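J.: Coordinates in final_33.cif, mmCIF, C-alpha atoms, are listed below.
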data_upload
loop_
_atom_site.label_atom_id
_atom_site.label_comp_id
_atom_site.auth_asym_id
_atom_site.auth_seq_id
_atom_site.Cartn_x
_atom_site.Cartn_y
_atom_site.Cartn_z
CA MET J 107 18.78 10.11 5.50
CA ILE J 108 19.25 11.21 1.90
CA GLY J 109 18.24 8.83 -0.89
CA PRO J 110 18.61 7.19 -3.23
CA VAL J 111 21.08 4.95 -1.45
CA LEU J 112 21.35 2.36 -4.24
CA ALA J 113 22.58 4.85 -6.83
CA ALA J 114 25.92 5.04 -5.07
CA ARG J 115 26.45 1.27 -5.01
CA PRO J 116 28.67 -0.60 -7.41
CA ASP J 117 26.92 -3.21 -9.55
CA GLU J 118 28.36 -6.20 -7.73
CA GLU J 119 26.68 -5.11 -4.50
CA LEU J 120 23.31 -5.39 -6.25
CA ASP J 121 23.75 -8.94 -7.49
CA ARG J 122 21.11 -11.53 -6.94
CA GLY J 123 20.74 -12.37 -3.26
CA SER J 124 22.43 -9.18 -2.05
CA ALA J 125 20.89 -7.84 1.15
CA LEU J 126 19.62 -4.27 1.02
CA PRO J 127 20.16 -1.80 3.88
CA ASP J 128 17.49 -1.69 6.61
CA LEU J 129 15.08 1.17 7.25
CA ARG J 130 13.89 1.17 10.85
CA LYS J 131 10.66 3.05 11.52
CA PRO J 132 9.66 4.70 14.82
CA PRO J 133 7.22 2.73 17.05
CA ILE J 134 3.62 2.79 15.80
CA THR J 135 1.36 4.90 18.00
CA LYS J 136 -2.41 5.26 18.27
CA VAL J 137 -2.02 8.92 17.26
CA GLN J 138 -0.28 7.78 14.11
CA LEU J 139 -3.23 5.49 13.30
CA VAL J 140 -5.65 8.40 13.73
CA LYS J 141 -3.46 10.58 11.50
CA TYR J 142 -3.18 7.82 8.90
CA ALA J 143 -6.96 7.31 8.97
CA GLY J 144 -7.43 11.01 8.24
CA ALA J 145 -4.69 11.24 5.60
CA SER J 146 -5.74 8.08 3.76
CA GLY J 147 -9.51 8.28 4.15
CA ASP J 148 -9.66 4.79 5.70
CA TYR J 149 -12.07 5.35 8.57
CA ASN J 150 -12.53 1.70 9.49
CA LEU J 151 -12.88 2.00 13.28
CA ILE J 152 -10.98 -1.23 13.97
CA HIS J 153 -7.87 0.94 13.49
CA THR J 154 -8.83 3.77 15.82
CA ASP J 155 -11.49 2.59 18.29
CA ASP J 156 -10.71 -0.20 20.78
CA GLU J 157 -14.40 -0.87 21.44
CA THR J 158 -15.07 -1.57 17.75
CA ALA J 159 -11.91 -3.68 17.52
CA ARG J 160 -12.98 -5.79 20.50
CA SER J 161 -16.50 -6.20 19.11
CA VAL J 162 -14.98 -8.15 16.17
CA GLY J 163 -12.76 -10.29 18.38
CA LEU J 164 -9.52 -8.31 18.37
CA GLU J 165 -7.71 -7.39 21.59
CA GLY J 166 -7.65 -3.75 20.59
CA VAL J 167 -6.98 -1.55 17.58
CA ILE J 168 -4.69 -2.84 14.85
CA ALA J 169 -2.72 -0.77 12.36
CA HIS J 170 -3.93 -0.32 8.82
CA GLY J 171 -2.20 -2.87 6.60
CA MET J 172 -1.69 -0.01 4.18
CA LEU J 173 0.44 1.80 6.77
CA SER J 174 3.01 -0.99 6.65
CA MET J 175 2.78 -0.94 2.85
CA ALA J 176 3.41 2.81 2.97
CA PHE J 177 6.56 2.08 5.00
CA LEU J 178 7.70 -0.24 2.20
CA GLY J 179 6.86 2.48 -0.34
CA GLU J 180 9.08 4.88 1.59
CA TYR J 181 11.75 2.17 1.68
CA LEU J 182 11.74 1.93 -2.13
CA CYS J 183 11.96 5.73 -2.44
CA TRP J 184 14.86 5.74 0.00
CA LEU J 185 16.61 2.96 -1.88
CA ALA J 186 15.99 4.07 -5.43
CA GLY J 187 14.36 7.52 -5.45
CA PRO J 188 10.65 8.29 -5.88
CA GLU J 189 10.90 8.52 -9.69
CA SER J 190 12.25 4.97 -9.89
CA VAL J 191 9.47 2.91 -8.31
CA ARG J 192 7.68 0.74 -10.90
CA ARG J 193 5.83 -1.82 -8.82
CA LEU J 194 5.07 -2.76 -5.23
CA SER J 195 3.00 -5.81 -4.40
CA VAL J 196 2.43 -6.98 -0.82
CA ARG J 197 0.62 -9.55 1.26
CA PHE J 198 -0.54 -8.57 4.76
CA ASN J 199 0.57 -11.54 6.78
CA GLU J 200 0.36 -10.58 10.45
CA MET J 201 -1.43 -7.89 12.39
CA VAL J 202 0.46 -4.82 13.56
CA ARG J 203 -0.43 -3.16 16.86
CA PRO J 204 0.41 0.15 18.53
CA GLY J 205 3.85 -0.14 20.13
CA ASP J 206 5.17 -2.42 17.38
CA ILE J 207 8.43 -1.34 15.78
CA LEU J 208 8.71 -2.20 12.10
CA THR J 209 11.91 -2.45 10.11
CA CYS J 210 11.87 -2.55 6.32
CA ARG J 211 14.30 -5.03 4.85
CA GLY J 212 15.00 -6.47 1.44
CA ARG J 213 17.10 -8.45 -0.93
CA VAL J 214 17.86 -8.31 -4.64
CA LYS J 215 16.05 -11.04 -6.56
CA GLU J 216 17.24 -10.13 -10.00
CA ARG J 217 19.19 -7.42 -11.74
CA THR J 218 18.96 -6.69 -15.44
CA LYS J 219 20.69 -3.94 -17.32
CA ARG J 220 19.42 -2.36 -20.51
CA ASP J 221 21.45 0.51 -21.91
CA ALA J 222 21.98 2.84 -18.98
CA VAL J 223 18.96 1.58 -17.03
CA VAL J 224 19.39 -0.99 -14.27
CA GLN J 225 16.18 -2.80 -13.39
CA LEU J 226 16.05 -4.47 -9.99
CA GLN J 227 13.49 -7.02 -8.86
CA LEU J 228 13.44 -6.92 -5.08
CA GLU J 229 12.06 -9.01 -2.29
CA VAL J 230 10.97 -6.60 0.46
CA TRP J 231 9.29 -7.03 3.79
CA ALA J 232 8.43 -5.23 7.03
CA GLU J 233 9.28 -7.17 10.15
CA ASN J 234 8.35 -6.42 13.73
CA GLN J 235 10.50 -6.37 16.88
CA ARG J 236 10.05 -10.16 17.15
CA ALA J 237 11.49 -10.61 13.64
CA GLU J 238 8.07 -11.71 12.32
CA ARG J 239 7.50 -10.68 8.72
CA VAL J 240 4.21 -8.84 9.02
CA THR J 241 4.00 -7.55 5.45
CA ILE J 242 5.79 -9.33 2.64
CA GLY J 243 6.20 -8.20 -0.91
CA GLU J 244 7.93 -7.87 -4.21
CA ALA J 245 9.00 -4.69 -5.91
CA GLU J 246 10.58 -3.41 -9.06
CA VAL J 247 12.70 -0.28 -9.29
CA GLU J 248 14.66 1.22 -12.16
CA ILE J 249 17.89 3.05 -11.57
CA THR J 250 19.49 5.21 -14.24
CA MET F 59 -26.75 -8.23 14.64
CA ASP F 60 -27.90 -8.27 11.03
CA GLN F 61 -25.40 -9.80 8.66
CA PRO F 62 -25.32 -8.19 5.23
CA PRO F 63 -25.92 -10.73 2.45
CA ALA F 64 -22.82 -12.52 1.19
CA LEU F 65 -21.27 -10.98 -1.88
CA SER F 66 -22.46 -12.49 -5.08
CA ARG F 67 -20.42 -13.33 -8.15
CA ASP F 68 -22.96 -11.26 -10.07
CA LEU F 69 -20.94 -8.25 -8.92
CA ILE F 70 -17.99 -9.23 -11.13
CA GLY F 71 -17.49 -6.58 -13.78
CA ARG F 72 -19.41 -3.92 -11.93
CA GLU F 73 -17.52 -0.64 -11.74
CA SER F 74 -17.51 2.81 -10.22
CA GLU F 75 -18.00 6.01 -12.12
CA VAL F 76 -14.85 7.66 -13.41
CA VAL F 77 -13.89 10.14 -10.70
CA LEU F 78 -11.47 13.02 -11.13
CA PHE F 79 -9.07 13.51 -8.22
CA GLU F 80 -6.73 16.44 -7.88
CA VAL F 81 -3.45 15.66 -6.15
CA GLU F 82 -3.03 18.44 -3.62
CA ARG F 83 0.31 19.45 -2.16
CA GLY F 84 -1.18 19.62 1.33
CA ALA F 85 -2.66 16.14 1.02
CA ILE F 86 0.74 14.73 -0.03
CA ARG F 87 2.41 16.37 2.98
CA LYS F 88 -0.28 15.20 5.37
CA PHE F 89 0.03 11.64 4.07
CA ALA F 90 3.84 11.68 4.32
CA GLU F 91 3.68 13.10 7.85
CA ALA F 92 1.20 10.43 8.99
CA VAL F 93 3.50 7.70 7.64
CA GLN F 94 6.59 9.52 9.00
CA ASP F 95 7.91 9.19 5.48
CA GLN F 96 11.26 10.97 5.30
CA THR F 97 11.37 11.24 1.50
CA PRO F 98 12.26 14.93 0.98
CA GLN F 99 10.13 15.30 -2.19
CA SER F 100 7.07 13.98 -0.30
CA LEU F 101 7.64 16.06 2.84
CA ARG F 102 7.77 19.12 0.57
CA GLY F 103 4.52 18.02 -1.07
CA ASP F 104 6.05 17.68 -4.55
CA ILE F 105 5.87 13.92 -5.19
CA ALA F 106 3.21 11.65 -3.66
CA PRO F 107 4.38 8.54 -1.78
CA PRO F 108 3.87 5.30 -3.76
CA THR F 109 0.79 4.21 -1.82
CA PHE F 110 -0.96 7.59 -2.20
CA PRO F 111 -3.54 6.14 -4.66
CA THR F 112 -5.18 4.57 -1.59
CA THR F 113 -6.57 8.06 -0.88
CA PHE F 114 -8.64 7.89 -4.09
CA ARG F 115 -11.83 6.41 -2.68
CA MET F 116 -14.70 5.43 -4.93
CA THR F 117 -17.87 3.44 -4.52
CA ILE F 118 -19.18 0.66 -6.71
CA PRO F 119 -22.98 0.54 -6.96
CA GLY F 120 -24.40 -2.53 -5.20
CA LEU F 121 -21.16 -3.38 -3.37
CA THR F 122 -21.76 -3.10 0.39
CA PHE F 123 -20.28 -4.95 3.36
CA ASP F 124 -19.57 -4.53 7.05
CA LEU F 125 -16.23 -2.67 7.19
CA ALA F 126 -15.31 -4.11 10.59
CA ARG F 127 -15.36 -7.63 9.11
CA VAL F 128 -13.07 -6.91 6.19
CA LEU F 129 -9.41 -7.87 6.21
CA HIS F 130 -7.04 -6.39 3.69
CA GLY F 131 -5.27 -9.46 2.34
CA ALA F 132 -3.01 -8.07 -0.32
CA GLN F 133 -2.35 -4.98 -2.41
CA GLU F 134 -0.43 -4.26 -5.56
CA TYR F 135 0.42 -1.03 -7.38
CA ARG F 136 2.16 -0.64 -10.73
CA TYR F 137 3.38 2.77 -11.77
CA GLU F 138 4.17 4.44 -15.07
CA ARG F 139 5.40 7.45 -13.12
CA PRO F 140 4.93 8.95 -9.64
CA LEU F 141 2.00 11.24 -8.86
CA ARG F 142 2.91 14.88 -8.44
CA ALA F 143 1.22 17.87 -6.84
CA GLY F 144 -1.24 19.37 -9.30
CA ASP F 145 -1.88 16.11 -11.17
CA ARG F 146 -5.51 15.60 -12.13
CA VAL F 147 -6.15 11.86 -12.10
CA ARG F 148 -9.11 10.09 -13.64
CA CYS F 149 -9.81 6.97 -11.59
CA ARG F 150 -12.08 4.02 -11.80
CA VAL F 151 -12.39 0.84 -9.74
CA ARG F 152 -13.96 -2.43 -10.89
CA VAL F 153 -14.88 -5.74 -9.27
CA ALA F 154 -12.40 -8.11 -10.92
CA ASP F 155 -13.40 -11.25 -9.01
CA VAL F 156 -15.44 -12.66 -6.12
CA TYR F 157 -14.83 -16.17 -4.79
CA ARG F 158 -15.18 -18.23 -1.62
CA ARG F 159 -12.44 -20.20 0.08
CA THR F 160 -12.32 -22.17 3.27
CA GLY F 161 -9.25 -21.24 5.30
CA ARG F 162 -8.07 -21.45 8.90
CA LEU F 163 -10.72 -18.88 9.92
CA GLY F 164 -13.55 -20.82 8.28
CA GLU F 165 -15.37 -19.83 5.10
CA MET F 166 -14.28 -16.51 3.70
CA THR F 167 -15.18 -14.44 0.66
CA PHE F 168 -12.39 -12.94 -1.41
CA LEU F 169 -13.09 -9.72 -3.27
CA ILE F 170 -10.62 -8.56 -5.91
CA LEU F 171 -10.82 -4.90 -6.95
CA ALA F 172 -8.92 -3.46 -9.89
CA MET F 173 -8.26 0.27 -9.99
CA GLU F 174 -6.72 2.42 -12.66
CA GLY F 175 -5.59 6.01 -12.76
CA THR F 176 -4.90 7.95 -15.94
CA ASP F 177 -4.12 11.54 -16.74
CA GLU F 178 -6.73 13.70 -18.40
CA SER F 179 -5.64 12.62 -21.87
CA GLY F 180 -6.10 8.96 -20.90
CA SER F 181 -2.43 7.99 -20.51
CA PRO F 182 -1.99 5.47 -17.69
CA ILE F 183 -0.30 6.62 -14.47
CA PHE F 184 -0.89 3.65 -12.19
CA THR F 185 -2.97 0.55 -11.64
CA GLY F 186 -3.90 -1.05 -8.33
CA THR F 187 -5.19 -4.46 -7.29
CA THR F 188 -6.80 -4.96 -3.89
CA THR F 189 -7.54 -8.33 -2.30
CA ALA F 190 -10.12 -7.93 0.46
CA ILE F 191 -11.15 -10.87 2.65
CA LEU F 192 -14.62 -10.86 4.21
CA ARG F 193 -15.05 -13.00 7.27
#
Would you kindly transcribe this structure into structure tokens?
T.:
Amino acid sequence: MIGPVLAARPDEELDRGSALPDLRKPPITKVQLVKYAGASGDYNLIHTDDETARSVGLEGVIAHGMLSMAFLGEYLCWLAGPESVRRLSVRFNEMVRPGDILTCRGRVKERTKRDAVVQLQLEVWAENQRAERVTIGEAEVEIT
Amino acid sequence: MDQPPALSRDLIGRESEVVLFEVERGAIRKFAEAVQDQTPQSLRGDIAPPTFPTTFRMTIPGLTFDLARVLHGAQEYRYERPLRAGDRVRCRVRVADVYRRTGRLGEMTFLILAMEGTDESGSPIFTGTTTAILR
């Protein structure tokens, strides 16, 4: 997987409404949640300790919302390159649990061109194996 | 169990100290590995993934709540440029708003936090907006 995948696309494939390629992530594991807690500094135990999660009415640990946002961040880097990401805004809609498999998907909302710079407004989301959109957002990337 | 007092609107405008964070190559790689982010520049530790500013943790005096009862509702980041290994980032976070809403889970408090990161000369690198929901 070598990005940025959008740079190679002709303009007409990036018109409004065009679907973007999917990025499928490996299943979420409890080890990943522990690693993400350590790497991000989010030590909220509802993400790593079942007992704490149950004490607040959950069935067990849930993933950090920010992990799914990080997947969408990777998605933008894959699509447009890490230098091109201007904005990412998400809403955490549904809980994500260990074993869930998220796929990042998106669509072009608007394309504007100024000189050699193409600015894309994107609709992006992470959906689970039941096609539920767990994290939904908007993004802006610039491609030169 | 003791419930901490509900957040007051008096907190609006309160802010953290300015904290200097150094973006370390190892921290970028560790973050990318945890996310299983395949971006080559991040796996090498050169460029931080877009959500890396979440690692910049600061405290706002007087703002306390029970972590286990907080839901992360929404998050936004805007970027002037990506963060790179070796960057020294001056960060600050501020309470932008506090309000109550009644939703499907009953009465909830919404806490909006605004964060900004600049380089050492004060040029903006990114801003972040967090919506936290307290049940």
J.: For chain F, work out the contacting residues on chain J at 8 Å, counting all atoms listed in the file, and write them as a PDB file with C-alpha atoms, in the frame of the given file.
T.:
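Here's the written file part-v9.pdb:
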ATOM      1  CA  MET J 107      18.780  10.110   5.500  1.00  0.00           C
ATOM      2  CA  ILE J 108      19.250  11.210   1.900  1.00  0.00           C
ATOM      3  CA  GLY J 109      18.240   8.830  -0.890  1.00  0.00           C
ATOM      4  CA  GLN J 138      -0.280   7.780  14.110  1.00  0.00           C
ATOM      5  CA  LEU J 139      -3.230   5.490  13.300  1.00  0.00           C
ATOM      6  CA  LYS J 141      -3.460  10.580  11.500  1.00  0.00           C
ATOM      7  CA  TYR J 142      -3.180   7.820   8.900  1.00  0.00           C
ATOM      8  CA  ALA J 145      -4.690  11.240   5.600  1.00  0.00           C
ATOM      9  CA  SER J 146      -5.740   8.080   3.760  1.00  0.00           C
ATOM     10  CA  GLY J 147      -9.510   8.280   4.150  1.00  0.00           C
ATOM     11  CA  ASP J 148      -9.660   4.790   5.700  1.00  0.00           C
ATOM     12  CA  ASN J 150     -12.530   1.700   9.490  1.00  0.00           C
ATOM     13  CA  LEU J 151     -12.880   2.000  13.280  1.00  0.00           C
ATOM     14  CA  ILE J 152     -10.980  -1.230  13.970  1.00  0.00           C
ATOM     15  CA  THR J 158     -15.070  -1.570  17.750  1.00  0.00           C
ATOM     16  CA  ALA J 159     -11.910  -3.680  17.520  1.00  0.00           C
ATOM     17  CA  VAL J 162     -14.980  -8.150  16.170  1.00  0.00           C
ATOM     18  CA  GLY J 171      -2.200  -2.870   6.600  1.00  0.00           C
ATOM     19  CA  MET J 172      -1.690  -0.010   4.180  1.00  0.00           C
ATOM     20  CA  LEU J 173       0.440   1.800   6.770  1.00  0.00           C
ATOM     21  CA  MET J 175       2.780  -0.940   2.850  1.00  0.00           C
ATOM     22  CA  ALA J 176       3.410   2.810   2.970  1.00  0.00           C
ATOM     23  CA  PHE J 177       6.560   2.080   5.000  1.00  0.00           C
ATOM     24  CA  GLY J 179       6.860   2.480  -0.340  1.00  0.00           C
ATOM     25  CA  GLU J 180       9.080   4.880   1.590  1.00  0.00           C
ATOM     26  CA  CYS J 183      11.960   5.730  -2.440  1.00  0.00           C
ATOM     27  CA  TRP J 184      14.860   5.740   0.000  1.00  0.00           C
ATOM     28  CA  PRO J 188      10.650   8.290  -5.880  1.00  0.00           C
ATOM     29  CA  GLU J 189      10.900   8.520  -9.690  1.00  0.00           C
ATOM     30  CA  SER J 190      12.250   4.970  -9.890  1.00  0.00           C
ATOM     31  CA  VAL J 191       9.470   2.910  -8.310  1.00  0.00           C
ATOM     32  CA  ARG J 192       7.680   0.740 -10.900  1.00  0.00           C
ATOM     33  CA  ARG J 193       5.830  -1.820  -8.820  1.00  0.00           C
ATOM     34  CA  LEU J 194       5.070  -2.760  -5.230  1.00  0.00           C
ATOM     35  CA  SER J 195       3.000  -5.810  -4.400  1.00  0.00           C
ATOM     36  CA  VAL J 196       2.430  -6.980  -0.820  1.00  0.00           C
ATOM     37  CA  ARG J 197       0.620  -9.550   1.260  1.00  0.00           C
ATOM     38  CA  PHE J 198      -0.540  -8.570   4.760  1.00  0.00           C
ATOM     39  CA  ASN J 199       0.570 -11.540   6.780  1.00  0.00           C
TER      40      ASN J 199
END
J.: Quick one, how far is CA of Leu226 (chain J) from CA of Glu244 (chain J)?
T.: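 Between CA of Leu226 (chain J) and CA of Glu244 (chain J) the gap is 10.5 Å.
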J.: Can you spell out as a list in words the set of residues that the PyMOL selection byres ((chain J and resi 121) around 10) selects in the structure I just provided?
T.: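 Against this file, the PyMOL selection byres ((chain J and resi 121) around 10) returns the residues Pro116, Asp117, Glu118, Glu119, Leu120, Arg122, Gly123, Ser124, Ala125, Arg213, Val214, Lys215, Glu216, Arg217, Thr218 and Leu226 of chain J.
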J.: If you measure from CA of Leu78 (chain F) to CA of Pro119 (chain F), what distance in Å do you get, rounded to one decimal?
T.: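 According to the coordinates, CA of Leu78 (chain F) and CA of Pro119 (chain F) are separated by 17.5 Å.
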J.: Given the file shown, enumerate the residues that the PyMOL selection byres ((chain F and resi 65) around 12) captures and present them as JSON, numbers by chain.
T.: {"F": [61, 62, 63, 64, 66, 67, 68, 69, 70, 120, 121, 122, 123, 124, 153, 155, 156, 157, 158, 166, 167, 168, 169, 170, 190, 191, 192, 193]}
J.: State, in Å with one decimal place, the distance from CA of Leu208 (chain J) to CA of Asp128 (chain J).
T.: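 That distance, rounded to one decimal, is 10.4 Å.
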